[in-house]
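Trainee: Got a structure here, written out as structure tokens. Questions coming.
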Amino acid sequence: MKVSLNWLKEYVDLEGIPTGEIVERLTMSGLEVEEVIDQNELYKNFVVGYVEKKEKHPNADRLSVCTVNDGKETLQVICGAPNVEAGQKVVFAPIGAVIPKGQFKLSKAKIRGVESFGMICAEDELEMSDDHTGIMVLDDKLNEGTPITEALGLNDVIIEIAITPNRPDALSHLGVARDLAALFNRELKVPEIKFVESEEDVNKLASIEIEDTENCPRYSARVVTGVTIKESPEWLKKKLISIGLRPINNVVDITNFVMYECGQPLHAFDLDRLSGNEIIVKSTKGKTKFTTLDSKERELEPGTLMICDAEKEVAVAGVMGGENSEISDDTKNVLIESAYFNPSSIRKTAKYLQLSTDSSYRFERGTDPNNTLWAAERTAQLIAELGDGKIAKGFIDVYPNRIKEKKLILRVSRVNKLLGFEVSKDDNINILQKLGMTVQEKSDDDLEVTVPTFRPDIEREVDLIEEIARIKGYDNIPSIPKISITLESKKDETSFTDKIRETANALGLYEMINNPLQPEDEALLTGSPIRLANPQSMDMAYLRTSLIPGALSAVARNLNRGEKNLSLFEIGNVFYFNEGKSNITSFDDYTEKQKLIVLLTGKKVDREWYAAVELYDFFDLKGIINSLISKISLDNFLNDSYYAVGKSIYEYYFTKSFKDAEIGIGGKVKKDVLKKFDIDQDVYCFEFDVDALKQIPEPVKTFVEPVKFPKVIRDFAFIFDKNVSSESVIKFIRKKGSGLLKSVRIFDLFESKDLGTDKKSMAFQLEFYDEKRTLTEEEVEKDFEKLIKLVSKEFDAQLRGN
């Protein structure tokens, strides 16, 4: 945003402060100055010229050969403007002058065979406005040769500031002046509103009704009658031109002036063109077409906030007025609109229409809801003064639910602790009051601060401390000469997951990264999900409770693109309610955990001349999981349990446990689950709790001497009840075996109707040896036979092969 230094000086005394210091202090306080334009330098060498003669160019129909007197000599200048005429006073740039637009230096030129010794300038070339319809024609009373800076009063410094979205209060000269008053400890001078009202009651001239109070919480209005529409006075035009606005007429110029003065966008309606002299603020029900001030017909979507009269729409609220109610030369009675609109509504409308205006820019960021009436009265005052109008008695102010100022407690001790240097209580109070806040002392340490509604960014005590810091100066925060650090080894929080990634990649798995936000139907597959308070869309309304739905979505997308053979993994966080909780009021109501998923689908081996097609199956999943675990937890032994009965999303599955705690589960995904994702091939996946994996201690690698004496291997198979787990059998065998039994593992498991109802077969391999001698056949057989009898009795199992 451009601000005029001369304009700022009307609201705060900056006498004796160099421009450079003003710029530096503004930037360091958060209002970053992007550019400083000193008009004395910008328009150096530009003078008032007098066009003595105009002739047609001999070689070009649209060019003229002009004779221009610059106060010193008469020069020949080629000009292409259609409005150039003999006898005019113009802005003349001689050879050597630098044109502001494009920053190019003029030199003698030959245009279509005729020499030109300078340039007659248009407003856009001088960066005074966007107008390029013709050259800028000056007052006849000006003397040729007079510097333009003197003739037009261009002795200002224009400062362009990058206003961050959280500082809508700084989108005005009063807002910037308020910060300068605090920075330099000066008084802010707010214009005094003083006018005489006529006898006409405003309520008899106009009425206001708000139907959509959510998107228009407040609408204030003033009426000025008997207005004469005419050109604005020079002081007003100069102010607008200095910040890049084009003067139009006194009423429109005043609304723009007040907006740039206090930050409140305004709109002036021709009251006589409002049907029923009535304003109704409401949102459109269906698609509507409306012609705006720029004479463009625009299609409005349903829900667009509109300003209407008794019969029709007259303005797109907060964005642009309508052609059917604009101020014209015949306007006599003016209704001044000064409203507060919901920022979200204006942002949505401006984006849909692809129409950004000075008004929408401010409304989108949030204007001051409690400043609308002041702005309306300031505008009415100026229209009455500059348009010879009369201000109707009273005002209209529809404000059903007042937006109140926030009250915060500021602790002086907290300020000093957080900033690292001492700021006295009086300094705290003075800074906050200079910034427009009301401060009351509650105790020696506590200050109650009332935050005005033009500062929506201040919500907490720390925000107040930040205000004090930026005004006091970040340079005052003491630097620390040295920082002491310990040299002991630091724990790398990502080393464990990095190791998982490296191992998974080495096993041929590709990493995927999925969105933790899911639609409701996917999130419900694996638990009771947490709903976002304000989701961007229903497709991202819930936090995932498992990595499985996201992984299946990734599979579906790949299948749609022809990629059917996939081996994938993902490490990501899941979220779920704690027991007995169904909504979140604190961090104790939910848990966040890190999970690892491995997924296989499609062909393990494609058809080759030397090999047949092999599809991924349950055993491939188990093999990869075992390989992954062996690399992560070294020789730690995890117990496996196998289940033929389906659970949740699995048709059959297995689990891995460490010290009776389940750390992972996986298997073949059910067909009906795959159908929800339009997947028509088998999918196998396994999900680990990474946090539980981290708890498994990594044993130190030690050398184990190879066994010197022969091992004896025995195996047996039993028919068990279906509910008997391999883990329980292995535990029993180890417990009952002698010291010669060193290892037990399951190597076969299957189910068949031939075995009987609810029966299954499990085969185990037993390994016997002694570190000091060779075992005899008799002692191994004795122990082996004993175990057969004990297993048969304990589990009511039948030895196969008998």
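The chains in the structure tokens are called A, B, ... from first to last as shown; in each chain the residues are counted from 1, and the ligands are counted from 1 in the order shown.
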Step one, run DSSP on the backbone; step two, keep only residues of segment 287-476 of chain A assigned to strand (DSSP E); then write them as a VMD selection string.
Mentor: chain A and resid 288 to 291 297 to 300 305 to 308 313 to 316 320 to 321 334 to 340 390 to 393 396 to 398 406 to 411 438 to 441 446 to 451
Trainee: Neighbours of segment 398-407 of chain A within 6 Å (only C-alpha atoms; same-chain residues fewer than 5 positions away dropped), as a PDB file with N, CA, C and O atoms, in the first residue's frame?
Mentor:
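selection_33.pdb, written as the output of this step:
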ATOM      1  N   ARG A 218     -23.086  -5.270  10.610  1.00  0.00           N
ATOM      2  CA  ARG A 218     -23.395  -3.860  10.875  1.00  0.00           C
ATOM      3  C   ARG A 218     -23.473  -3.077   9.565  1.00  0.00           C
ATOM      4  O   ARG A 218     -22.677  -3.305   8.657  1.00  0.00           O
ATOM      5  N   TYR A 219     -24.452  -2.164   9.515  1.00  0.00           N
ATOM      6  CA  TYR A 219     -24.599  -1.298   8.338  1.00  0.00           C
ATOM      7  C   TYR A 219     -24.979   0.095   8.834  1.00  0.00           C
ATOM      8  O   TYR A 219     -26.033   0.307   9.426  1.00  0.00           O
ATOM      9  N   VAL A 449      -5.932  -4.871  29.717  1.00  0.00           N
ATOM     10  CA  VAL A 449      -5.832  -4.174  28.439  1.00  0.00           C
ATOM     11  C   VAL A 449      -7.084  -4.457  27.612  1.00  0.00           C
ATOM     12  O   VAL A 449      -7.430  -5.614  27.374  1.00  0.00           O
ATOM     13  N   THR A 450      -7.761  -3.406  27.199  1.00  0.00           N
ATOM     14  CA  THR A 450      -8.910  -3.541  26.297  1.00  0.00           C
ATOM     15  C   THR A 450      -8.404  -3.335  24.874  1.00  0.00           C
ATOM     16  O   THR A 450      -7.903  -2.269  24.527  1.00  0.00           O
ATOM     17  N   VAL A 451      -8.519  -4.387  24.071  1.00  0.00           N
ATOM     18  CA  VAL A 451      -7.989  -4.372  22.700  1.00  0.00           C
ATOM     19  C   VAL A 451      -9.069  -3.885  21.745  1.00  0.00           C
ATOM     20  O   VAL A 451     -10.146  -4.478  21.681  1.00  0.00           O
ATOM     21  N   PRO A 452      -8.830  -2.810  21.005  1.00  0.00           N
ATOM     22  CA  PRO A 452      -9.850  -2.302  20.072  1.00  0.00           C
ATOM     23  C   PRO A 452     -10.118  -3.295  18.940  1.00  0.00           C
ATOM     24  O   PRO A 452      -9.264  -4.119  18.599  1.00  0.00           O
ATOM     25  N   THR A 453     -11.293  -3.208  18.359  1.00  0.00           N
ATOM     26  CA  THR A 453     -11.691  -4.164  17.319  1.00  0.00           C
ATOM     27  C   THR A 453     -10.937  -3.963  16.015  1.00  0.00           C
ATOM     28  O   THR A 453     -11.037  -4.819  15.128  1.00  0.00           O
TER      29      THR A 453
END
Trainee: Compile the contact shell of Glu614 of chain A as a PyMOL selection string: residues with an atom at most 7 Å away, counting only C-alpha atoms, same-chain residues fewer than 4 positions apart removed.
Mentor: chain A and resi 603-606
Trainee: Counting only C-alpha atoms, which residue out of A:Asp427, A:Asp139, A:Glu608, A:Glu278 sits closest to Glu313 of chain A?
Mentor: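 So, comparing all the options, the nearest one is A:Glu278.
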Trainee: I need the residue nearest Asp426 of chain A from this list: A:Ile733, A:Leu355, A:Leu566, A:Ile468. Use only C-alpha atoms for the distance.
Mentor: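 Result for the nearest residue to Asp426 of chain A: A:Ile468.
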Trainee: Excluding segment 520-529 of chain A and its own-chain neighbours fewer than 3 positions away, which residues fall within 9 Å of it when counting only C-alpha atoms? Please give them as a list in words.
Mentor: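 Counting only C-alpha atoms, the residues come to Leu517, Met538, Asp539, Met540, Ala541, Tyr542, Leu543, Arg544, Thr545, Ser546, Ile548, Pro549, Gly550, Phe575, Tyr576, Phe577, Ser582, Ser648, Ile649, Val673 and Lys676 of chain A.
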Trainee: So, with only C-alpha atoms as the atoms that count, which of A:Ala206, A:Leu180, A:Ile530, A:Ile571 lies closest to Lys472 of chain A?
Mentor: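 Using only C-alpha atoms, Lys472 of chain A sits closest to A:Leu180.
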Trainee: Skipping near chain neighbours, those fewer than 3 positions away, what residues fall within 12 Å of Glu385 of chain A using only C-alpha atoms, listed as a PyMOL selection string?
Mentor: chain A and resi 193-196+224+226-228+232-233+250-251+254+378-382+388-391
Trainee: Using Å and a single decimal, report how far atom CA of Phe718 of chain A sits from atom CA of Gly739 of chain A.
Mentor: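 So the two atoms, atom CA of Gly739 of chain A and atom CA of Phe718 of chain A, lie 23.0 Å apart.
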Trainee: Excluding Val48 of chain A and any residue of its chain fewer than 2 positions from it, enumerate the residues within 9 Å of it, using only C-alpha atoms, and give them as a compact mmCIF listing (two decimals) with all heavy atoms, in the first residue's frame.
Mentor:
# COMPACT_ATOMS: atom_id res chain seq x y z
N PHE A 46 11.71 17.60 -15.10
CA PHE A 46 10.40 17.76 -15.74
C PHE A 46 9.91 19.19 -15.49
O PHE A 46 9.95 19.68 -14.35
CB PHE A 46 9.38 16.76 -15.17
CG PHE A 46 9.61 15.35 -15.61
CD1 PHE A 46 10.59 14.56 -15.01
CD2 PHE A 46 8.85 14.78 -16.63
CE1 PHE A 46 10.81 13.26 -15.41
CE2 PHE A 46 9.05 13.47 -17.03
CZ PHE A 46 10.03 12.71 -16.43
N TYR A 50 4.99 24.75 -23.03
CA TYR A 50 3.90 25.43 -23.74
C TYR A 50 3.94 25.01 -25.21
O TYR A 50 4.97 25.14 -25.88
CB TYR A 50 4.04 26.94 -23.62
CG TYR A 50 3.01 27.70 -24.42
CD1 TYR A 50 1.66 27.62 -24.10
CD2 TYR A 50 3.39 28.51 -25.50
CE1 TYR A 50 0.70 28.31 -24.84
CE2 TYR A 50 2.44 29.20 -26.24
CZ TYR A 50 1.10 29.10 -25.91
OH TYR A 50 0.16 29.77 -26.64
N ASN A 69 7.78 25.17 -26.01
CA ASN A 69 8.65 26.13 -25.33
C ASN A 69 8.82 25.65 -23.88
O ASN A 69 7.84 25.53 -23.15
CB ASN A 69 8.02 27.52 -25.36
CG ASN A 69 8.94 28.60 -24.81
OD1 ASN A 69 9.81 28.33 -23.98
ND2 ASN A 69 8.76 29.82 -25.26
N ASP A 70 10.07 25.37 -23.46
CA ASP A 70 10.31 24.88 -22.09
C ASP A 70 10.77 25.98 -21.15
O ASP A 70 11.28 25.72 -20.07
CB ASP A 70 11.32 23.74 -22.10
CG ASP A 70 12.73 24.20 -22.48
OD1 ASP A 70 12.88 25.37 -22.86
OD2 ASP A 70 13.66 23.38 -22.39
N GLY A 71 10.57 27.24 -21.57
CA GLY A 71 10.97 28.36 -20.73
C GLY A 71 12.36 28.85 -21.05
O GLY A 71 12.73 29.97 -20.65
N LYS A 89 -0.72 24.04 -21.94
CA LYS A 89 0.39 23.88 -21.00
C LYS A 89 0.47 22.39 -20.66
O LYS A 89 -0.55 21.77 -20.30
CB LYS A 89 0.16 24.70 -19.74
CG LYS A 89 0.10 26.21 -19.98
CD LYS A 89 1.46 26.77 -20.35
CE LYS A 89 1.41 28.26 -20.68
NZ LYS A 89 1.09 29.10 -19.53
N VAL A 90 1.66 21.82 -20.79
CA VAL A 90 1.82 20.38 -20.66
C VAL A 90 3.01 20.05 -19.77
O VAL A 90 3.81 20.93 -19.42
CB VAL A 90 2.03 19.72 -22.05
CG1 VAL A 90 0.79 19.90 -22.93
CG2 VAL A 90 3.27 20.30 -22.73
N VAL A 91 3.12 18.75 -19.42
CA VAL A 91 4.30 18.27 -18.70
C VAL A 91 5.33 17.86 -19.76
O VAL A 91 5.09 16.97 -20.57
CB VAL A 91 3.96 17.06 -17.81
CG1 VAL A 91 5.24 16.54 -17.13
CG2 VAL A 91 2.92 17.43 -16.77
N PHE A 92 6.48 18.57 -19.73
CA PHE A 92 7.50 18.34 -20.75
C PHE A 92 8.75 17.71 -20.12
O PHE A 92 9.26 18.19 -19.11
CB PHE A 92 7.88 19.65 -21.44
CG PHE A 92 8.97 19.50 -22.45
CD1 PHE A 92 8.78 18.73 -23.61
CD2 PHE A 92 10.22 20.10 -22.25
CE1 PHE A 92 9.81 18.58 -24.54
CE2 PHE A 92 11.24 19.95 -23.18
CZ PHE A 92 11.03 19.19 -24.33
N ALA A 93 9.20 16.61 -20.75
CA ALA A 93 10.43 15.93 -20.31
C ALA A 93 11.50 16.17 -21.36
O ALA A 93 11.41 15.66 -22.47
CB ALA A 93 10.17 14.45 -20.13
N LEU A 138 -2.22 20.92 -18.34
CA LEU A 138 -2.09 21.68 -17.10
C LEU A 138 -2.85 22.99 -17.15
O LEU A 138 -3.36 23.41 -18.20
CB LEU A 138 -0.61 21.95 -16.81
CG LEU A 138 0.31 20.72 -16.77
CD1 LEU A 138 1.75 21.15 -16.52
CD2 LEU A 138 -0.14 19.75 -15.68
N LEU A 142 -0.10 28.48 -15.36
CA LEU A 142 1.28 28.10 -15.02
C LEU A 142 2.26 28.66 -16.03
O LEU A 142 1.94 28.74 -17.23
CB LEU A 142 1.40 26.57 -14.96
CG LEU A 142 0.59 25.86 -13.86
CD1 LEU A 142 0.68 24.35 -14.03
CD2 LEU A 142 1.11 26.27 -12.48
N ASN A 143 3.43 29.02 -15.56
CA ASN A 143 4.46 29.58 -16.44
C ASN A 143 5.34 28.47 -16.99
O ASN A 143 5.76 27.56 -16.25
CB ASN A 143 5.34 30.59 -15.68
CG ASN A 143 4.54 31.80 -15.24
OD1 ASN A 143 3.67 32.30 -15.96
ND2 ASN A 143 4.83 32.28 -14.04
N GLU A 144 5.62 28.54 -18.30
CA GLU A 144 6.49 27.54 -18.90
C GLU A 144 7.88 27.62 -18.28
O GLU A 144 8.36 28.70 -17.94
CB GLU A 144 6.58 27.70 -20.42
CG GLU A 144 6.91 29.09 -20.89
CD GLU A 144 5.68 29.90 -21.26
OE1 GLU A 144 4.65 29.80 -20.53
OE2 GLU A 144 5.73 30.63 -22.25
N GLY A 145 8.47 26.47 -18.12
CA GLY A 145 9.79 26.39 -17.49
C GLY A 145 9.74 26.13 -16.01
O GLY A 145 10.77 25.84 -15.38
N THR A 146 8.54 26.24 -15.39
CA THR A 146 8.41 25.98 -13.96
C THR A 146 8.57 24.47 -13.70
O THR A 146 7.93 23.66 -14.37
CB THR A 146 7.01 26.42 -13.45
OG1 THR A 146 6.81 27.79 -13.78
CG2 THR A 146 6.90 26.22 -11.95
N PRO A 147 9.42 24.10 -12.73
CA PRO A 147 9.56 22.66 -12.42
C PRO A 147 8.20 22.06 -12.05
O PRO A 147 7.39 22.69 -11.35
CB PRO A 147 10.52 22.64 -11.23
CG PRO A 147 11.30 23.90 -11.37
CD PRO A 147 10.33 24.93 -11.91
N ILE A 148 7.94 20.87 -12.52
CA ILE A 148 6.67 20.21 -12.26
C ILE A 148 6.44 20.00 -10.76
O ILE A 148 5.32 20.10 -10.27
CB ILE A 148 6.61 18.86 -13.01
CG1 ILE A 148 6.42 19.09 -14.50
CG2 ILE A 148 5.51 17.96 -12.49
CD1 ILE A 148 5.13 19.81 -14.84
N ALA A 151 5.08 23.29 -9.70
CA ALA A 151 3.79 23.62 -10.32
C ALA A 151 2.66 22.75 -9.80
O ALA A 151 1.53 23.24 -9.58
CB ALA A 151 3.91 23.46 -11.84
Trainee: Run DSSP on the backbone and grab whatever in segment 543-727 of chain A lands in alpha helix (DSSP H); send it over as an MDAnalysis selection string.
Mentor: chainID A and resid 548:560 618:632 671:676 690:694 726:727
Trainee: Need the shell around segment 119-136 of chain A: protein/DNA/RNA residues with any atom at most 7 Å away, counting only C-alpha atoms. Skip same-chain ones fewer than 5 positions apart. Format as a ChimeraX atom specification?
Mentor: /A:77,79,81-84,90-94,99-101,241-242,244-246
Trainee: Could the residues in this selection be written to a file with all heavy atoms, as a CSV table (one decimal), in the first residue's frame?
Mentor:
chain,number,residue,atom,x,y,z
A,77,VAL,N,9.1,18.4,-30.9
A,77,VAL,CA,8.7,17.2,-30.2
A,77,VAL,C,7.7,16.4,-31.0
A,77,VAL,O,6.7,17.0,-31.4
A,77,VAL,CB,8.2,17.5,-28.8
A,77,VAL,CG1,7.8,16.2,-28.1
A,77,VAL,CG2,9.2,18.3,-28.0
A,79,CYS,N,4.6,13.8,-31.0
A,79,CYS,CA,3.7,13.4,-30.0
A,79,CYS,C,2.6,12.6,-30.7
A,79,CYS,O,2.1,13.0,-31.7
A,79,CYS,CB,3.1,14.6,-29.3
A,79,CYS,SG,1.9,14.2,-28.0
A,81,ALA,N,-0.3,11.6,-28.9
A,81,ALA,CA,-1.6,11.8,-28.1
A,81,ALA,C,-2.6,12.4,-29.0
A,81,ALA,O,-2.4,13.4,-29.7
A,81,ALA,CB,-1.3,12.6,-26.9
A,82,PRO,N,-3.9,12.0,-28.9
A,82,PRO,CA,-4.9,12.5,-29.8
A,82,PRO,C,-5.4,13.9,-29.2
A,82,PRO,O,-6.0,14.7,-30.0
A,82,PRO,CB,-6.1,11.5,-29.7
A,82,PRO,CG,-5.8,10.8,-28.4
A,82,PRO,CD,-4.3,10.8,-28.2
A,83,ASN,N,-5.1,14.2,-28.0
A,83,ASN,CA,-5.7,15.4,-27.4
A,83,ASN,C,-4.7,16.6,-27.4
A,83,ASN,O,-5.0,17.7,-26.8
A,83,ASN,CB,-6.2,15.2,-26.0
A,83,ASN,CG,-5.1,14.8,-25.0
A,83,ASN,OD1,-4.1,14.2,-25.4
A,83,ASN,ND2,-5.2,15.2,-23.7
A,84,VAL,N,-3.5,16.4,-27.9
A,84,VAL,CA,-2.5,17.5,-27.9
A,84,VAL,C,-3.0,18.6,-28.9
A,84,VAL,O,-3.4,18.4,-30.0
A,84,VAL,CB,-1.1,17.0,-28.3
A,84,VAL,CG1,-1.1,16.5,-29.7
A,84,VAL,CG2,-0.1,18.1,-28.0
A,90,VAL,N,1.7,21.8,-20.8
A,90,VAL,CA,1.8,20.4,-20.7
A,90,VAL,C,3.0,20.1,-19.8
A,90,VAL,O,3.8,20.9,-19.4
A,90,VAL,CB,2.0,19.7,-22.0
A,90,VAL,CG1,0.8,19.9,-22.9
A,90,VAL,CG2,3.3,20.3,-22.7
A,91,VAL,N,3.1,18.8,-19.4
A,91,VAL,CA,4.3,18.3,-18.7
A,91,VAL,C,5.3,17.9,-19.8
A,91,VAL,O,5.1,17.0,-20.6
A,91,VAL,CB,4.0,17.1,-17.8
A,91,VAL,CG1,5.2,16.5,-17.1
A,91,VAL,CG2,2.9,17.4,-16.8
A,92,PHE,N,6.5,18.6,-19.7
A,92,PHE,CA,7.5,18.3,-20.7
A,92,PHE,C,8.7,17.7,-20.1
A,92,PHE,O,9.3,18.2,-19.1
A,92,PHE,CB,7.9,19.6,-21.4
A,92,PHE,CG,9.0,19.5,-22.5
A,92,PHE,CD1,8.8,18.7,-23.6
A,92,PHE,CD2,10.2,20.1,-22.2
A,92,PHE,CE1,9.8,18.6,-24.5
A,92,PHE,CE2,11.2,20.0,-23.2
A,92,PHE,CZ,11.0,19.2,-24.3
A,93,ALA,N,9.2,16.6,-20.8
A,93,ALA,CA,10.4,15.9,-20.3
A,93,ALA,C,11.5,16.2,-21.4
A,93,ALA,O,11.4,15.7,-22.5
A,93,ALA,CB,10.2,14.4,-20.1
A,94,PRO,N,12.5,17.0,-21.1
A,94,PRO,CA,13.6,17.2,-22.0
A,94,PRO,C,14.6,16.1,-22.2
A,94,PRO,O,14.5,15.1,-21.4
A,94,PRO,CB,14.3,18.5,-21.5
A,94,PRO,CG,14.1,18.3,-20.0
A,94,PRO,CD,12.8,17.7,-19.8
A,99,ILE,N,12.0,8.9,-17.5
A,99,ILE,CA,10.6,8.7,-17.4
A,99,ILE,C,10.3,7.7,-16.3
A,99,ILE,O,10.8,6.6,-16.3
A,99,ILE,CB,10.0,8.1,-18.8
A,99,ILE,CG1,10.4,9.1,-19.9
A,99,ILE,CG2,8.5,8.0,-18.7
A,99,ILE,CD1,9.8,10.5,-19.7
A,100,PRO,N,9.4,8.0,-15.3
A,100,PRO,CA,9.1,7.1,-14.2
A,100,PRO,C,8.7,5.7,-14.6
A,100,PRO,O,9.1,4.7,-14.1
A,100,PRO,CB,8.1,7.9,-13.4
A,100,PRO,CG,8.3,9.3,-13.7
A,100,PRO,CD,8.8,9.3,-15.1
A,101,LYS,N,7.7,5.7,-15.6
A,101,LYS,CA,7.2,4.4,-16.0
A,101,LYS,C,8.3,3.8,-16.9
A,101,LYS,O,8.5,4.2,-18.0
A,101,LYS,CB,5.9,4.6,-16.7
A,101,LYS,CG,5.3,3.2,-17.1
A,101,LYS,CD,3.9,3.4,-17.8
A,101,LYS,CE,3.3,2.1,-18.1
A,101,LYS,NZ,2.0,2.3,-18.8
A,241,ILE,N,-3.9,11.5,-6.2
A,241,ILE,CA,-2.9,11.2,-7.3
A,241,ILE,C,-1.6,10.7,-6.7
A,241,ILE,O,-0.9,9.9,-7.2
A,241,ILE,CB,-2.6,12.5,-8.1
A,241,ILE,CG1,-3.9,12.8,-9.0
A,241,ILE,CG2,-1.4,12.4,-9.0
A,241,ILE,CD1,-3.8,14.1,-9.7
A,242,SER,N,-1.2,11.3,-5.5
A,242,SER,CA,0.1,10.9,-4.9
A,242,SER,C,0.1,9.4,-4.5
A,242,SER,O,1.2,8.8,-4.5
A,242,SER,CB,0.3,11.7,-3.6
A,242,SER,OG,-0.6,11.3,-2.6
A,244,GLY,N,-1.6,7.1,-6.3
A,244,GLY,CA,-1.9,6.3,-7.5
A,244,GLY,C,-3.3,6.2,-7.9
A,244,GLY,O,-3.7,5.4,-8.7
A,245,LEU,N,-4.2,7.1,-7.3
A,245,LEU,CA,-5.6,7.0,-7.6
A,245,LEU,C,-6.0,8.1,-8.6
A,245,LEU,O,-5.4,9.2,-8.6
A,245,LEU,CB,-6.5,7.1,-6.4
A,245,LEU,CG,-6.4,6.0,-5.3
A,245,LEU,CD1,-7.4,6.3,-4.2
A,245,LEU,CD2,-6.6,4.7,-5.9
A,246,ARG,N,-7.0,7.8,-9.4
A,246,ARG,CA,-7.4,8.8,-10.4
A,246,ARG,C,-8.6,9.6,-9.9
A,246,ARG,O,-9.7,9.0,-9.6
A,246,ARG,CB,-7.7,8.1,-11.8
A,246,ARG,CG,-8.1,9.1,-12.9
A,246,ARG,CD,-8.2,8.3,-14.2
A,246,ARG,NE,-9.2,7.2,-14.2
A,246,ARG,CZ,-10.5,7.4,-14.5
A,246,ARG,NH1,-10.9,8.5,-14.8
A,246,ARG,NH2,-11.2,6.3,-14.4
Trainee: Can you work out which one of A:Phe688, A:Tyr510, A:Phe421, A:Phe677 has the shortest atom-to-atom distance to Asn476 of chain A, counting only C-alpha atoms?
Mentor: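 Nearest to Asn476 of chain A: A:Phe421.
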Trainee: In Å, with one decimal, what is the gap from atom CA of Ser207 of chain A to atom CA of Thr331 of chain A?
Mentor: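 Atom-to-atom, atom CA of Ser207 of chain A and atom CA of Thr331 of chain A are spaced 19.0 Å apart.
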Trainee: Just the number, please: distance in Å from atom CA of Ile158 of chain A to atom CA of Ala97 of chain A, one decimal.
Mentor: 19.9 Å
Trainee: My list of candidates is A:Phe569, A:Trp609, A:Phe496, A:Tyr643. Which is closest to Met512 of chain A when distances are computed with only C-alpha atoms?
Mentor: A:Phe569
